[in-house]
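Novice: Below is a structure I'd like to ask you about.
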Amino acid sequence: MKTETLTRPHIETKSAKRRQSFYQKHEGSILGGAAVLVVLGIWQAIWSYTTWISPLFFSGPSAIAKQFWYTLTQGTLLADLAFSGKNFAIGFGIALVAGVVVGVLIGWYRRARLIADPFLNALYATPRIAMVPLIIIWFGIGMWSKVFIVFLSAFFPILVNTVAGIRNMDADLLRAARAFCASDWQIFKTLAIPGSVPFILTGVRQGVALGLIGVVVGEMFGGSEGIGFMVAYGGQTFQTDTLFVGVVIIAFAGIFLTSIAERLERRFSRWRPER
């Protein structure tokens with residue numbers, strides 16, 4: 001009969017895990033959720049029991065929730081969500097594929113990087129919002145102008161981080177691969193791509209945030225539907241509860257998409273070669 005021998009540190013670690021309470025396991029969620037509830041409670045109390053806040057300029061949680069339910073059941077919220085979601089998904093998907101492919105090529109080939117550097121630096125430094133009127137002239141006020149704005153907003157963070165990931169490949173591993181006569185494809189597959197995954201996913205996280213800004217800006221400047229149009233319409237008509245509905249939806253979309261990017265980063269970080 002086999003007996004399991006445990007050292008004292010192992011026994012202490014296991015007993016500590018057993019003694020870990022529910023609060024200790026979920027401390028971050030509990031503290032964060034409690035802070036949000038406290039702020040919402042104070043906000044609602046100020047909104048309900050004071051008279052110095054005008055509904056024309058601000059709104060309270062209860063009014064925002066009521067307006068959200070109204071636009072969801074009797075308004076155009078679902079259609080706006082579908083329109084904005086489609087614009088973001090198409091634009092971000094194209095930006096992701098193009099940014100990774102072009103970034104790998106520019107990062108790997110020195111002459112390609114030298115040729116592309118002036119254009120990338122100029123376009124990356126130029127505020128994308130300054131190009132929105134021109135993009136609307138090119139593509140009109142339909143869906144494709146918003147898609148292109150999302151693409152332009154998300155493309156450069158993904159591209160720049162992918163280039164950085166390829167260029168920061170471990171020089172010792174590269175020399176070892178060359179010494180064993182590894183082909184370019186083998187180096188791409190086993191060193192370059194796995195080693196650049198954390199950089200690429202950092203670019204994805206930045207691209208998600210800037211892509212959301214892009215879709216909202218595009219719909220605010222030239223559109224007749226979407227969450228960005230809802231925010232613009234609420235501001236123009238002084239319907240602050242409608243405006244806040246759009247802002248809250250954008251905030252939750254950003255939190256949700258960023259959390260997905262973080263999970264992907266943790267999932268694929270093991271691809272990175274050990275140093």
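All residue names refer to the structure tokens as shown: chains lettered A, B, ... in order, residues numbered from 1 in each chain, ligands numbered from 1 in order.
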Counting only C-alpha atoms, what is within 7 Å of segment 136-144 of chain A, bar same-chain residues fewer than 2 positions away, as a ChimeraX atom specification?

Specialist: /A:87,132-134,146-148,222-223

Novice: Using DSSP secondary structure from the backbone, list all alpha helix (DSSP H) positions within segment 8-173 of chain A, as an MDAnalysis selection string.

Specialist: chainID A and resid 8:19 22:25 27:49 61:73 77:108 110:125 132:139 143:167 171:173

Novice: Expressed in Å to a single decimal, how great is the separation between atom CA of Val247 of chain A and atom CA of Ala63 of chain A?

Specialist: 14.0 Å

Novice: Taking only C-alpha atoms into account, which of A:Gln24, A:Phe221, A:Phe238, A:Val208 comes nearest Phe256 of chain A?

Specialist: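 That would be A:Val208, the residue with the smallest distance to Phe256 of chain A.
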
Novice: Rank nothing, just name the residue among A:Val231, A:Leu37, A:Leu257, A:Ile42 nearest to Val217 of chain A, using only C-alpha atoms.

Specialist: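 Ranking A:Val231, A:Leu37, A:Leu257, A:Ile42 by distance to Val217 of chain A, first place goes to A:Val231.
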
Novice: Taking only C-alpha atoms into account, name the residue in A:Ile106, A:Leu81, A:Ala253, A:Ile200 that is nearest to Pro157 of chain A.

Specialist: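 Closest residue, counting only C-alpha atoms: A:Ile200.
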
Novice: Quick one: of A:Leu243, A:Ile46, A:Leu264, A:Val248, who's nearest to Arg205 of chain A, counting only C-alpha atoms?

Specialist: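 The shortest atom-to-atom distance to Arg205 of chain A comes from A:Leu264.
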
Novice: One number please: atom CA of Leu210 of chain A to atom CA of Ala164 of chain A, in Å, one decimal.

Specialist: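 That distance, rounded to one decimal, is 18.9 Å.
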
Novice: Set the distance at 9 Å and use only C-alpha atoms: which residues neighbour Glu219 of chain A once local chain neighbours fewer than 3 positions away are removed? I'd like the list as a list of chain:residue names.

Specialist: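 So, after excluding close chain neighbours, the residues are A:Ser84, A:Ile141, A:Lys146, A:Gly214, A:Val215, A:Val216, A:Gly222, A:Gly223, A:Ser224, A:Glu225, A:Gly226, A:Ile227, A:Gly228, A:Phe229, A:Met230, A:Ala232.
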
Novice: Find the residues near Phe57 of chain A: any atom within 10 Å, counting only C-alpha atoms, skip ones fewer than 5 places away on the same chain, and give them as a tab-separated table (two decimals) with N, CA, C and O atoms, in the first residue's frame.

Specialist:
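File produced: part.tsv:
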chain	number	residue	atom	x	y	z
A	235	GLY	N	-28.20	64.32	-26.18
A	235	GLY	CA	-27.55	65.59	-25.85
A	235	GLY	C	-28.18	66.77	-26.55
A	235	GLY	O	-28.34	67.84	-25.96
A	238	PHE	N	-31.58	67.55	-24.89
A	238	PHE	CA	-31.51	67.68	-23.44
A	238	PHE	C	-32.23	66.54	-22.72
A	238	PHE	O	-32.75	66.73	-21.63
A	239	GLN	N	-32.25	65.35	-23.31
A	239	GLN	CA	-32.79	64.16	-22.66
A	239	GLN	C	-31.62	63.42	-22.01
A	239	GLN	O	-31.06	62.47	-22.56
A	240	THR	N	-31.25	63.88	-20.84
A	240	THR	CA	-30.05	63.34	-20.20
A	240	THR	C	-30.20	61.87	-19.81
A	240	THR	O	-29.21	61.15	-19.76
A	241	ASP	N	-31.44	61.43	-19.54
A	241	ASP	CA	-31.61	60.01	-19.21
A	241	ASP	C	-31.31	59.14	-20.43
A	241	ASP	O	-30.66	58.10	-20.31

Novice: Using atom CA of Ala116 of chain A and atom CA of Val150 of chain A as the two end points, give the distance in Å to one decimal.

Specialist: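 It comes out at 21.6 Å.
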